[in-house]
file final_37.pdb (PDB, C-alpha atoms, pLDDT in the B column)
ATOM      1  CA  MET A   1      17.763   7.384 -14.598  1.00 55.00           C
ATOM      2  CA  LYS A   2      18.647   4.447 -16.875  1.00 73.00           C
ATOM      3  CA  ASN A   3      16.089   1.754 -17.528  1.00 90.00           C
ATOM      4  CA  ILE A   4      15.350  -0.609 -14.660  1.00 94.00           C
ATOM      5  CA  ARG A   5      16.661  -4.006 -15.762  1.00 96.00           C
ATOM      6  CA  THR A   6      13.878  -6.475 -15.039  1.00 97.00           C
ATOM      7  CA  MET A   7      13.616 -10.277 -15.047  1.00 98.00           C
ATOM      8  CA  ILE A   8      10.310 -12.141 -15.002  1.00 97.00           C
ATOM      9  CA  VAL A   9      10.333 -15.619 -13.435  1.00 97.00           C
ATOM     10  CA  GLU A  10       7.140 -17.381 -14.485  1.00 95.00           C
ATOM     11  CA  ASP A  11       6.627 -20.900 -15.876  1.00 93.00           C
ATOM     12  CA  ASP A  12       3.473 -20.034 -17.839  1.00 93.00           C
ATOM     13  CA  PHE A  13       4.763 -18.533 -21.087  1.00 92.00           C
ATOM     14  CA  LYS A  14       1.551 -16.670 -21.892  1.00 93.00           C
ATOM     15  CA  VAL A  15       1.380 -15.134 -18.400  1.00 92.00           C
ATOM     16  CA  ALA A  16       5.062 -14.189 -18.621  1.00 94.00           C
ATOM     17  CA  GLU A  17       4.518 -12.417 -21.948  1.00 94.00           C
ATOM     18  CA  ILE A  18       1.535 -10.518 -20.544  1.00 93.00           C
ATOM     19  CA  ASN A  19       3.582  -9.435 -17.516  1.00 93.00           C
ATOM     20  CA  LYS A  20       6.403  -8.373 -19.844  1.00 95.00           C
ATOM     21  CA  GLU A  21       3.974  -6.292 -21.885  1.00 93.00           C
ATOM     22  CA  PHE A  22       2.539  -4.732 -18.734  1.00 91.00           C
ATOM     23  CA  ALA A  23       5.982  -3.942 -17.330  1.00 93.00           C
ATOM     24  CA  GLU A  24       7.251  -2.311 -20.503  1.00 92.00           C
ATOM     25  CA  GLU A  25       4.153  -0.125 -20.706  1.00 90.00           C
ATOM     26  CA  VAL A  26       5.479   1.625 -17.592  1.00 89.00           C
ATOM     27  CA  ASN A  27       8.111   4.215 -18.367  1.00 87.00           C
ATOM     28  CA  GLY A  28      11.608   3.259 -17.230  1.00 90.00           C
ATOM     29  CA  PHE A  29      11.400  -0.564 -17.292  1.00 95.00           C
ATOM     30  CA  SER A  30      13.174  -2.954 -19.645  1.00 95.00           C
ATOM     31  CA  VAL A  31      12.514  -6.693 -19.398  1.00 97.00           C
ATOM     32  CA  GLU A  32      15.907  -8.275 -20.034  1.00 97.00           C
ATOM     33  CA  LYS A  33      14.971 -11.894 -19.344  1.00 97.00           C
ATOM     34  CA  ILE A  34      12.014 -14.243 -18.972  1.00 97.00           C
ATOM     35  CA  ALA A  35      12.973 -17.344 -16.969  1.00 97.00           C
ATOM     36  CA  LYS A  36      10.671 -20.350 -16.951  1.00 96.00           C
ATOM     37  CA  ASP A  37      12.054 -21.781 -13.698  1.00 96.00           C
ATOM     38  CA  ALA A  38      14.400 -21.074 -10.798  1.00 96.00           C
ATOM     39  CA  ALA A  39      17.425 -22.765 -12.402  1.00 97.00           C
ATOM     40  CA  GLU A  40      17.211 -20.564 -15.490  1.00 97.00           C
ATOM     41  CA  ALA A  41      16.786 -17.462 -13.332  1.00 97.00           C
ATOM     42  CA  LEU A  42      19.838 -18.268 -11.193  1.00 97.00           C
ATOM     43  CA  THR A  43      21.995 -19.059 -14.218  1.00 97.00           C
ATOM     44  CA  TYR A  44      21.123 -15.685 -15.704  1.00 97.00           C
ATOM     45  CA  LEU A  45      21.772 -13.850 -12.430  1.00 96.00           C
ATOM     46  CA  GLU A  46      25.277 -15.312 -12.199  1.00 95.00           C
ATOM     47  CA  ASN A  47      26.427 -13.320 -15.217  1.00 94.00           C
ATOM     48  CA  ASN A  48      23.934 -10.493 -15.724  1.00 96.00           C
ATOM     49  CA  PRO A  49      22.965  -7.545 -13.525  1.00 95.00           C
ATOM     50  CA  ILE A  50      19.258  -7.290 -12.746  1.00 96.00           C
ATOM     51  CA  ASP A  51      17.572  -4.517 -10.752  1.00 96.00           C
ATOM     52  CA  LEU A  52      14.128  -6.075 -10.292  1.00 97.00           C
ATOM     53  CA  ILE A  53      12.806  -9.635 -10.300  1.00 97.00           C
ATOM     54  CA  ILE A  54       9.093 -10.185 -10.863  1.00 97.00           C
ATOM     55  CA  LEU A  55       8.656 -13.600  -9.295  1.00 96.00           C
ATOM     56  CA  ASP A  56       5.925 -16.220  -9.191  1.00 93.00           C
ATOM     57  CA  ILE A  57       5.818 -18.503  -6.153  1.00 91.00           C
ATOM     58  CA  TYR A  58       4.792 -21.705  -7.950  1.00 92.00           C
ATOM     59  CA  LEU A  59       7.729 -22.783 -10.128  1.00 94.00           C
ATOM     60  CA  PRO A  60       8.255 -26.286 -11.561  1.00 95.00           C
ATOM     61  CA  ASP A  61      11.638 -26.879  -9.917  1.00 95.00           C
ATOM     62  CA  MET A  62      11.511 -24.852  -6.700  1.00 93.00           C
ATOM     63  CA  HIS A  63       9.129 -22.925  -4.487  1.00 92.00           C
ATOM     64  CA  GLY A  64       9.507 -19.204  -5.076  1.00 92.00           C
ATOM     65  CA  THR A  65      10.414 -18.517  -1.456  1.00 92.00           C
ATOM     66  CA  GLU A  66      13.375 -20.911  -1.802  1.00 94.00           C
ATOM     67  CA  LEU A  67      14.562 -18.971  -4.841  1.00 95.00           C
ATOM     68  CA  LEU A  68      14.126 -15.771  -2.851  1.00 93.00           C
ATOM     69  CA  LYS A  69      16.385 -17.191  -0.109  1.00 94.00           C
ATOM     70  CA  ILE A  70      19.080 -18.131  -2.639  1.00 95.00           C
ATOM     71  CA  VAL A  71      18.979 -14.686  -4.235  1.00 95.00           C
ATOM     72  CA  ARG A  72      19.532 -13.131  -0.816  1.00 93.00           C
ATOM     73  CA  LYS A  73      22.214 -15.683   0.149  1.00 93.00           C
ATOM     74  CA  HIS A  74      24.260 -14.831  -2.957  1.00 94.00           C
ATOM     75  CA  GLU A  75      23.666 -11.117  -2.350  1.00 93.00           C
ATOM     76  CA  TYR A  76      22.449 -10.413  -5.869  1.00 94.00           C
ATOM     77  CA  ALA A  77      21.648  -6.715  -6.091  1.00 90.00           C
ATOM     78  CA  ALA A  78      18.047  -7.280  -7.156  1.00 94.00           C
ATOM     79  CA  ASP A  79      14.775  -6.263  -5.567  1.00 94.00           C
ATOM     80  CA  ILE A  80      11.769  -8.548  -5.829  1.00 95.00           C
ATOM     81  CA  ILE A  81       8.072  -8.086  -6.495  1.00 95.00           C
ATOM     82  CA  LEU A  82       6.003 -11.233  -6.035  1.00 93.00           C
ATOM     83  CA  ILE A  83       3.073 -11.863  -8.369  1.00 90.00           C
ATOM     84  CA  THR A  84       1.382 -15.059  -7.288  1.00 85.00           C
ATOM     85  CA  ALA A  85      -1.823 -16.864  -6.425  1.00 87.00           C
ATOM     86  CA  ALA A  86      -0.294 -17.854  -3.083  1.00 83.00           C
ATOM     87  CA  HIS A  87      -1.704 -15.863  -0.197  1.00 83.00           C
ATOM     88  CA  ASP A  88      -1.346 -18.193   2.777  1.00 85.00           C
ATOM     89  CA  ALA A  89       0.145 -16.693   5.925  1.00 86.00           C
ATOM     90  CA  GLU A  90       3.316 -18.799   5.837  1.00 88.00           C
ATOM     91  CA  THR A  91       4.235 -17.721   2.296  1.00 88.00           C
ATOM     92  CA  VAL A  92       3.437 -14.078   2.897  1.00 87.00           C
ATOM     93  CA  GLU A  93       5.387 -13.940   6.178  1.00 88.00           C
ATOM     94  CA  CYS A  94       8.393 -15.785   4.733  1.00 88.00           C
ATOM     95  CA  SER A  95       8.469 -13.473   1.715  1.00 88.00           C
ATOM     96  CA  MET A  96       8.324 -10.397   3.911  1.00 87.00           C
ATOM     97  CA  ARG A  97      11.209 -11.648   6.044  1.00 86.00           C
ATOM     98  CA  TYR A  98      13.386 -11.849   2.948  1.00 87.00           C
ATOM     99  CA  GLY A  99      12.716  -8.262   2.010  1.00 85.00           C
ATOM    100  CA  ILE A 100      10.389  -8.233  -0.982  1.00 90.00           C
ATOM    101  CA  PHE A 101       9.368  -4.828  -2.296  1.00 90.00           C
ATOM    102  CA  ASP A 102       5.734  -5.713  -3.001  1.00 90.00           C
ATOM    103  CA  TYR A 103       3.334  -8.677  -3.019  1.00 90.00           C
ATOM    104  CA  ILE A 104       0.609  -8.852  -5.659  1.00 90.00           C
ATOM    105  CA  VAL A 105      -2.016 -11.598  -5.537  1.00 88.00           C
ATOM    106  CA  LYS A 106      -3.368 -13.119  -8.763  1.00 86.00           C
ATOM    107  CA  PRO A 107      -5.681 -12.308 -10.388  1.00 84.00           C
ATOM    108  CA  PHE A 108      -4.859  -8.615 -10.336  1.00 84.00           C
ATOM    109  CA  ALA A 109      -5.740  -5.477 -12.246  1.00 82.00           C
ATOM    110  CA  PHE A 110      -3.087  -3.828 -14.391  1.00 85.00           C
ATOM    111  CA  THR A 111      -3.477  -0.672 -12.316  1.00 84.00           C
ATOM    112  CA  ARG A 112      -2.209  -2.566  -9.240  1.00 85.00           C
ATOM    113  CA  PHE A 113       0.820  -3.820 -11.155  1.00 90.00           C
ATOM    114  CA  ARG A 114       1.492  -0.391 -12.635  1.00 88.00           C
ATOM    115  CA  ASP A 115       1.270   1.258  -9.212  1.00 84.00           C
ATOM    116  CA  ALA A 116       3.823  -1.202  -7.809  1.00 87.00           C
ATOM    117  CA  LEU A 117       6.257  -0.508 -10.652  1.00 90.00           C
ATOM    118  CA  GLU A 118       5.829   3.259 -10.440  1.00 85.00           C
ATOM    119  CA  GLN A 119       6.406   3.158  -6.693  1.00 82.00           C
ATOM    120  CA  TYR A 120       9.514   1.052  -7.249  1.00 88.00           C
ATOM    121  CA  ARG A 121      10.775   3.491  -9.883  1.00 86.00           C
ATOM    122  CA  ASP A 122      10.177   6.388  -7.475  1.00 78.00           C
ATOM    123  CA  TYR A 123      12.107   4.494  -4.814  1.00 80.00           C
ATOM    124  CA  LYS A 124      15.050   3.902  -7.169  1.00 82.00           C
ATOM    125  CA  ASP A 125      15.002   7.527  -8.312  1.00 76.00           C
ATOM    126  CA  SER A 126      15.138   8.679  -4.714  1.00 70.00           C
ATOM    127  CA  LEU A 127      18.006   6.303  -3.908  1.00 71.00           C
ATOM    128  CA  ASN A 128      20.003   7.768  -6.769  1.00 67.00           C
ATOM    129  CA  GLU A 129      19.462  11.389  -5.764  1.00 63.00           C
ATOM    130  CA  ASN A 130      22.113  11.347  -3.024  1.00 60.00           C
ATOM    131  CA  ARG A 131      24.705   9.018  -1.560  1.00 63.00           C
ATOM    132  CA  HIS A 132      23.996  10.018   2.042  1.00 67.00           C
ATOM    133  CA  TYR A 133      20.550   9.987   3.639  1.00 66.00           C
ATOM    134  CA  ASN A 134      19.041  11.609   6.692  1.00 66.00           C
ATOM    135  CA  GLN A 135      16.604   9.792   8.990  1.00 66.00           C
ATOM    136  CA  GLU A 136      13.523  11.124   7.224  1.00 60.00           C
ATOM    137  CA  LYS A 137      14.717   9.783   3.887  1.00 60.00           C
ATOM    138  CA  ILE A 138      15.599   6.415   5.423  1.00 62.00           C
ATOM    139  CA  ASN A 139      12.095   6.268   6.893  1.00 59.00           C
ATOM    140  CA  GLU A 140      10.733   6.596   3.361  1.00 57.00           C
ATOM    141  CA  PHE A 141      12.846   3.702   2.152  1.00 58.00           C
ATOM    142  CA  VAL A 142      11.867   1.444   5.046  1.00 58.00           C
ATOM    143  CA  ALA A 143       8.144   2.118   4.620  1.00 52.00           C
ATOM    144  CA  TYR A 144       7.741   3.563   1.146  1.00 51.00           C
ATOM    145  CA  ASN A 145       3.980   3.945   1.331  1.00 44.00           C
ATOM    146  CA  GLN A 146       3.624   6.020   4.494  1.00 41.00           C
ATOM    147  CA  HIS A 147       5.642   7.965   7.053  1.00 39.00           C
ATOM    148  CA  PRO A 148       6.118   5.912  10.235  1.00 35.00           C
ATOM    149  CA  ASP A 149       5.676   9.041  12.338  1.00 37.00           C
ATOM    150  CA  SER A 150       2.360   9.930  10.755  1.00 41.00           C
ATOM    151  CA  MET A 151      -1.030   8.569  11.840  1.00 38.00           C
ATOM    152  CA  GLU A 152      -2.676   9.710   8.592  1.00 49.00           C
ATOM    153  CA  LYS A 153      -4.083   6.752   6.697  1.00 60.00           C
ATOM    154  CA  LEU A 154      -3.892   7.180   2.957  1.00 68.00           C
ATOM    155  CA  PRO A 155      -6.517   5.554   0.728  1.00 76.00           C
ATOM    156  CA  LYS A 156      -5.725   2.590  -1.489  1.00 71.00           C
ATOM    157  CA  GLY A 157      -3.703   3.616  -4.520  1.00 73.00           C
ATOM    158  CA  ILE A 158      -2.149   6.665  -2.821  1.00 80.00           C
ATOM    159  CA  THR A 159       1.384   6.416  -1.440  1.00 76.00           C
ATOM    160  CA  ARG A 160       3.087   9.012   0.723  1.00 73.00           C
ATOM    161  CA  TYR A 161       6.231   9.224  -1.376  1.00 72.00           C
ATOM    162  CA  THR A 162       4.424   9.792  -4.694  1.00 82.00           C
ATOM    163  CA  LEU A 163       2.013  12.212  -3.042  1.00 83.00           C
ATOM    164  CA  ASP A 164       4.954  14.248  -1.734  1.00 81.00           C
ATOM    165  CA  ARG A 165       6.506  14.279  -5.207  1.00 83.00           C
ATOM    166  CA  ILE A 166       3.334  15.621  -6.769  1.00 87.00           C
ATOM    167  CA  ILE A 167       2.850  18.264  -4.066  1.00 87.00           C
ATOM    168  CA  LYS A 168       6.439  19.388  -4.622  1.00 85.00           C
ATOM    169  CA  ALA A 169       5.749  19.647  -8.356  1.00 87.00           C
ATOM    170  CA  LEU A 170       2.626  21.734  -7.708  1.00 88.00           C
ATOM    171  CA  ASP A 171       4.711  24.200  -5.711  1.00 85.00           C
ATOM    172  CA  SER A 172       6.782  24.882  -8.825  1.00 84.00           C
ATOM    173  CA  LEU A 173       3.789  25.468 -11.109  1.00 84.00           C
ATOM    174  CA  HIS A 174       1.798  28.593 -11.801  1.00 72.00           C
ATOM    175  CA  THR A 175      -1.529  29.287 -10.105  1.00 78.00           C
ATOM    176  CA  SER A 176      -3.433  27.231 -12.706  1.00 87.00           C
ATOM    177  CA  PHE A 177      -2.131  24.019 -14.272  1.00 91.00           C
ATOM    178  CA  THR A 178      -3.184  20.909 -16.184  1.00 91.00           C
ATOM    179  CA  ILE A 179      -2.399  17.242 -15.715  1.00 92.00           C
ATOM    180  CA  GLU A 180       0.182  17.534 -18.511  1.00 91.00           C
ATOM    181  CA  ASP A 181       1.970  20.309 -16.585  1.00 91.00           C
ATOM    182  CA  VAL A 182       2.364  17.981 -13.605  1.00 91.00           C
ATOM    183  CA  ILE A 183       3.470  15.040 -15.773  1.00 90.00           C
ATOM    184  CA  SER A 184       6.293  17.141 -17.227  1.00 88.00           C
ATOM    185  CA  ARG A 185       7.740  17.455 -13.706  1.00 87.00           C
ATOM    186  CA  VAL A 186       7.169  14.029 -12.170  1.00 85.00           C
ATOM    187  CA  SER A 187       7.292  11.576 -15.136  1.00 77.00           C
ATOM    188  CA  LEU A 188       4.291   9.565 -13.935  1.00 83.00           C
ATOM    189  CA  SER A 189       1.437   8.219 -16.047  1.00 84.00           C
ATOM    190  CA  LYS A 190      -1.576  10.398 -16.785  1.00 86.00           C
ATOM    191  CA  ILE A 191      -3.865   8.011 -14.913  1.00 86.00           C
ATOM    192  CA  THR A 192      -1.652   8.160 -11.812  1.00 87.00           C
ATOM    193  CA  VAL A 193      -1.376  11.959 -11.807  1.00 90.00           C
ATOM    194  CA  ARG A 194      -5.133  12.325 -12.266  1.00 90.00           C
ATOM    195  CA  ARG A 195      -5.742   9.987  -9.309  1.00 89.00           C
ATOM    196  CA  TYR A 196      -3.492  12.038  -7.038  1.00 91.00           C
ATOM    197  CA  LEU A 197      -4.949  15.361  -8.183  1.00 92.00           C
ATOM    198  CA  GLU A 198      -8.447  14.040  -7.536  1.00 91.00           C
ATOM    199  CA  TYR A 199      -7.340  12.992  -4.059  1.00 89.00           C
ATOM    200  CA  LEU A 200      -5.958  16.482  -3.408  1.00 90.00           C
ATOM    201  CA  HIS A 201      -9.185  17.940  -4.787  1.00 88.00           C
ATOM    202  CA  GLU A 202     -11.240  15.828  -2.366  1.00 88.00           C
ATOM    203  CA  ARG A 203      -9.035  17.095   0.464  1.00 86.00           C
ATOM    204  CA  GLY A 204      -9.662  20.706  -0.566  1.00 86.00           C
ATOM    205  CA  LEU A 205      -5.984  21.278  -1.411  1.00 86.00           C
ATOM    206  CA  VAL A 206      -6.610  21.656  -5.135  1.00 89.00           C
ATOM    207  CA  SER A 207      -9.574  23.205  -6.938  1.00 90.00           C
ATOM    208  CA  LYS A 208     -10.830  22.032 -10.316  1.00 90.00           C
ATOM    209  CA  ASP A 209     -12.447  23.926 -13.158  1.00 90.00           C
ATOM    210  CA  PHE A 210     -13.228  23.343 -16.825  1.00 88.00           C
ATOM    211  CA  GLU A 211     -12.233  25.364 -19.869  1.00 85.00           C
ATOM    212  CA  TYR A 212     -14.727  24.726 -22.648  1.00 84.00           C
ATOM    213  CA  ARG A 213     -13.392  24.691 -26.188  1.00 75.00           C
ATOM    214  CA  LYS A 214     -15.108  24.821 -29.559  1.00 75.00           C
ATOM    215  CA  VAL A 215     -14.054  21.261 -30.375  1.00 77.00           C
ATOM    216  CA  GLY A 216     -13.514  18.261 -28.135  1.00 75.00           C
ATOM    217  CA  ARG A 217     -13.868  17.706 -24.437  1.00 81.00           C
ATOM    218  CA  PRO A 218     -13.401  20.567 -21.976  1.00 85.00           C
ATOM    219  CA  LEU A 219      -9.906  21.023 -20.563  1.00 86.00           C
ATOM    220  CA  VAL A 220      -9.596  20.276 -16.851  1.00 89.00           C
ATOM    221  CA  VAL A 221      -7.649  23.054 -15.103  1.00 90.00           C
ATOM    222  CA  TYR A 222      -6.497  22.760 -11.502  1.00 91.00           C
ATOM    223  CA  SER A 223      -5.427  25.429  -9.024  1.00 89.00           C
ATOM    224  CA  SER A 224      -3.510  24.943  -5.810  1.00 83.00           C
ATOM    225  CA  GLN A 225      -5.373  25.953  -2.639  1.00 72.00           C
ATOM    226  CA  ARG A 226      -2.431  25.335  -0.317  1.00 63.00           C
TER
END

call {"tool": "encode", "arguments": {"input": "final_37.pdb", "output": "structure tokens"}}
result
Amino acid sequence: MKNIRTMIVEDDFKVAEINKEFAEEVNGFSVEKIAKDAAEALTYLENNPIDLIILDIYLPDMHGTELLKIVRKHEYAADIILITAAHDAETVECSMRYGIFDYIVKPFAFTRFRDALEQYRDYKDSLNENRHYNQEKINEFVAYNQHPDSMEKLPKGITRYTLDRIIKALDSLHTSFTIEDVISRVSLSKITVRRYLEYLHERGLVSKDFEYRKVGRPLVVYSSQR
């Protein structure tokens, strides 16, 4: 798919630049605008299409939840990920009511930010696959990190949709495969694919072996046990 057009709304210039750098390290994202306050963000949205807004709650001219309400009122076709130090119940509940995609509390590790963006990219990819959806697919969109009809609790950092994508990729591979083989089919980062393969290994669904070479580290080779 085309790059996900992203706007960062953050009044701290240094933080905004760091978030921009983080976002553009993830394949498929292009930061089109950094807005220092709500007014600048809304002015840009009036004339420019944006897919994703990365929004701080504490802005100099408006609380982030108020900006979120205006974005929804004007029906801008943008999803929102909150990155903020605010974690009080009122802010979290209000944000959820207005349909944010994710909520990340500062300070955070880059891996948490990257996971949120990769999950959002997976969500957008899935939306673009078809123009009509069955109930199972709609369930994935409503709760992107687990099936509502499943009682299985996935560990932190593992989402149902990405797990299903990787399992589907494994079904198309030969008996033995490497992390790079999986990456070529799912377009996720090496760190993410390794995390999911290790999870499958812990579950006994994938075995792991090492091929020792004359130079360098041994090559990790996986085999499906499904």

call {"tool": "closest_residue", "arguments": {"input": "final_37.pdb", "among": "A:Glu21, A:Glu198, A:Glu66, A:Asp51", "to": "Phe101 in chain A", "atoms": "all atoms listed in the file"}}
result
A:Asp51

call {"tool": "residues_around", "arguments": {"input": "final_37.pdb", "residues": "range 27-38 of chain A", "least_positions_apart": "3", "cutoff": "7 Å", "atoms": "all atoms listed in the file", "output": "PyMOL selection string"}}
result
chain A and resi 3-11+16+20+23-24+41-42+59-62+67

call {"tool": "atom_distance", "arguments": {"input": "final_37.pdb", "atom1": "CA of Asp79 in chain A", "atom2": "CA of Ile53 in chain A"}}
result
6.1 Å

call {"tool": "closest_atom_pairs", "arguments": {"input": "final_37.pdb", "of": "range 52-119 of chain A", "to": "range 161-185 of chain A", "cutoff": "12 Å", "atoms": "only C-alpha atoms", "output": "CSV"}}
result
residue,atom,partner,partner_atom,distance
A:Asp115,CA,A:Thr162,CA,10.2
A:Ala116,CA,A:Thr162,CA,11.4
A:Glu118,CA,A:Thr162,CA,8.8
A:Gln119,CA,A:Thr162,CA,7.2

call {"tool": "closest_residue", "arguments": {"input": "final_37.pdb", "among": "A:Ile191, A:Leu117, A:Tyr76, A:Ala85", "to": "Gly64 in chain A", "atoms": "all atoms listed in the file"}}
result
A:Ala85

call {"tool": "closest_residue", "arguments": {"input": "final_37.pdb", "among": "A:Phe110, A:Tyr120, A:Thr65, A:Lys2", "to": "Val92 in chain A", "atoms": "only C-alpha atoms"}}
result
A:Thr65

call {"tool": "residues_around", "arguments": {"input": "final_37.pdb", "residues": "range 93-95 of chain A", "least_positions_apart": "6", "cutoff": "12 Å", "atoms": "all atoms listed in the file", "output": "JSON, numbers by chain"}}
result
{"A": [55, 56, 57, 63, 64, 65, 66, 67, 68, 69, 72, 80, 81, 82, 83, 84, 86, 87, 101, 102, 103, 104]}

call {"tool": "axis_aligned_box", "arguments": {"input": "final_37.pdb", "around": "range 114-120 of chain A", "padding_each_side": "6 Å", "output": "lines of an AutoDock Vina configuration file"}}
result
center_x = 5.4
center_y = 1.0
center_z = -9.7
size_x = 20.2
size_y = 16.5
size_z = 17.9

call {"tool": "atom_distance", "arguments": {"input": "final_37.pdb", "atom1": "CA of Ile50 in chain A", "atom2": "CA of Ala77 in chain A"}}
result
7.1 Å

call {"tool": "atom_distance", "arguments": {"input": "final_37.pdb", "atom1": "CA of Glu46 in chain A", "atom2": "CA of Ile100 in chain A"}}
result
19.9 Å

call {"tool": "closest_residue", "arguments": {"input": "final_37.pdb", "among": "A:Thr159, A:Leu127, A:Arg203, A:Leu197", "to": "Ser223 in chain A", "atoms": "all atoms listed in the file"}}
result
A:Leu197

call {"tool": "closest_residue", "arguments": {"input": "final_37.pdb", "among": "A:Ile70, A:Val105, A:Val193, A:Leu200", "to": "Thr43 in chain A", "atoms": "all atoms listed in the file"}}
result
A:Ile70

call {"tool": "build_atoms", "arguments": {"input": "final_37.pdb", "residues": "range 4-26 of chain A", "atoms": "N, CA and C atoms", "output": "mmCIF file, keeping the file's coordinate frame"}}
result
data_model
loop_
_atom_site.group_PDB
_atom_site.id
_atom_site.type_symbol
_atom_site.label_atom_id
_atom_site.label_comp_id
_atom_site.auth_asym_id
_atom_site.auth_seq_id
_atom_site.Cartn_x
_atom_site.Cartn_y
_atom_site.Cartn_z
ATOM 1 N N ILE A 4 15.275 0.375 -15.728
ATOM 2 C CA ILE A 4 15.350 -0.609 -14.660
ATOM 3 C C ILE A 4 15.363 -1.991 -15.299
ATOM 4 N N ARG A 5 16.486 -2.684 -15.149
ATOM 5 C CA ARG A 5 16.661 -4.006 -15.762
ATOM 6 C C ARG A 5 15.827 -5.025 -14.992
ATOM 7 N N THR A 6 14.893 -5.644 -15.692
ATOM 8 C CA THR A 6 13.878 -6.475 -15.039
ATOM 9 C C THR A 6 13.924 -7.903 -15.561
ATOM 10 N N MET A 7 13.757 -8.868 -14.670
ATOM 11 C CA MET A 7 13.616 -10.277 -15.047
ATOM 12 C C MET A 7 12.286 -10.799 -14.531
ATOM 13 N N ILE A 8 11.570 -11.507 -15.381
ATOM 14 C CA ILE A 8 10.310 -12.141 -15.002
ATOM 15 C C ILE A 8 10.557 -13.632 -14.849
ATOM 16 N N VAL A 9 10.191 -14.182 -13.694
ATOM 17 C CA VAL A 9 10.333 -15.619 -13.435
ATOM 18 C C VAL A 9 8.929 -16.197 -13.324
ATOM 19 N N GLU A 10 8.525 -16.906 -14.371
ATOM 20 C CA GLU A 10 7.140 -17.381 -14.485
ATOM 21 C C GLU A 10 7.137 -18.564 -15.456
ATOM 22 N N ASP A 11 6.580 -19.706 -15.029
ATOM 23 C CA ASP A 11 6.627 -20.900 -15.876
ATOM 24 C C ASP A 11 5.561 -20.913 -16.961
ATOM 25 N N ASP A 12 4.518 -20.118 -16.819
ATOM 26 C CA ASP A 12 3.473 -20.034 -17.839
ATOM 27 C C ASP A 12 3.896 -18.988 -18.872
ATOM 28 N N PHE A 13 4.217 -19.427 -20.073
ATOM 29 C CA PHE A 13 4.763 -18.533 -21.087
ATOM 30 C C PHE A 13 3.802 -17.385 -21.416
ATOM 31 N N LYS A 14 2.519 -17.710 -21.550
ATOM 32 C CA LYS A 14 1.551 -16.670 -21.892
ATOM 33 C C LYS A 14 1.453 -15.618 -20.791
ATOM 34 N N VAL A 15 1.434 -16.069 -19.530
ATOM 35 C CA VAL A 15 1.380 -15.134 -18.400
ATOM 36 C C VAL A 15 2.645 -14.279 -18.373
ATOM 37 N N ALA A 16 3.792 -14.914 -18.618
ATOM 38 C CA ALA A 16 5.062 -14.189 -18.621
ATOM 39 C C ALA A 16 5.070 -13.097 -19.685
ATOM 40 N N GLU A 17 4.553 -13.406 -20.870
ATOM 41 C CA GLU A 17 4.518 -12.417 -21.948
ATOM 42 C C GLU A 17 3.580 -11.261 -21.610
ATOM 43 N N ILE A 18 2.465 -11.585 -20.959
ATOM 44 C CA ILE A 18 1.535 -10.518 -20.544
ATOM 45 C C ILE A 18 2.208 -9.625 -19.514
ATOM 46 N N ASN A 19 2.885 -10.235 -18.536
ATOM 47 C CA ASN A 19 3.582 -9.435 -17.516
ATOM 48 C C ASN A 19 4.685 -8.591 -18.136
ATOM 49 N N LYS A 20 5.374 -9.138 -19.132
ATOM 50 C CA LYS A 20 6.403 -8.373 -19.844
ATOM 51 C C LYS A 20 5.782 -7.161 -20.535
ATOM 52 N N GLU A 21 4.662 -7.394 -21.206
ATOM 53 C CA GLU A 21 3.974 -6.292 -21.885
ATOM 54 C C GLU A 21 3.528 -5.234 -20.891
ATOM 55 N N PHE A 22 2.958 -5.668 -19.772
ATOM 56 C CA PHE A 22 2.539 -4.732 -18.734
ATOM 57 C C PHE A 22 3.725 -3.920 -18.225
ATOM 58 N N ALA A 23 4.820 -4.617 -17.917
ATOM 59 C CA ALA A 23 5.982 -3.942 -17.330
ATOM 60 C C ALA A 23 6.552 -2.897 -18.276
ATOM 61 N N GLU A 24 6.633 -3.231 -19.553
ATOM 62 C CA GLU A 24 7.251 -2.311 -20.503
ATOM 63 C C GLU A 24 6.320 -1.192 -20.938
ATOM 64 N N GLU A 25 5.054 -1.267 -20.512
ATOM 65 C CA GLU A 25 4.153 -0.125 -20.706
ATOM 66 C C GLU A 25 4.452 0.984 -19.700
ATOM 67 N N VAL A 26 5.135 0.647 -18.621
ATOM 68 C CA VAL A 26 5.479 1.625 -17.592
ATOM 69 C C VAL A 26 6.835 2.218 -17.924
#
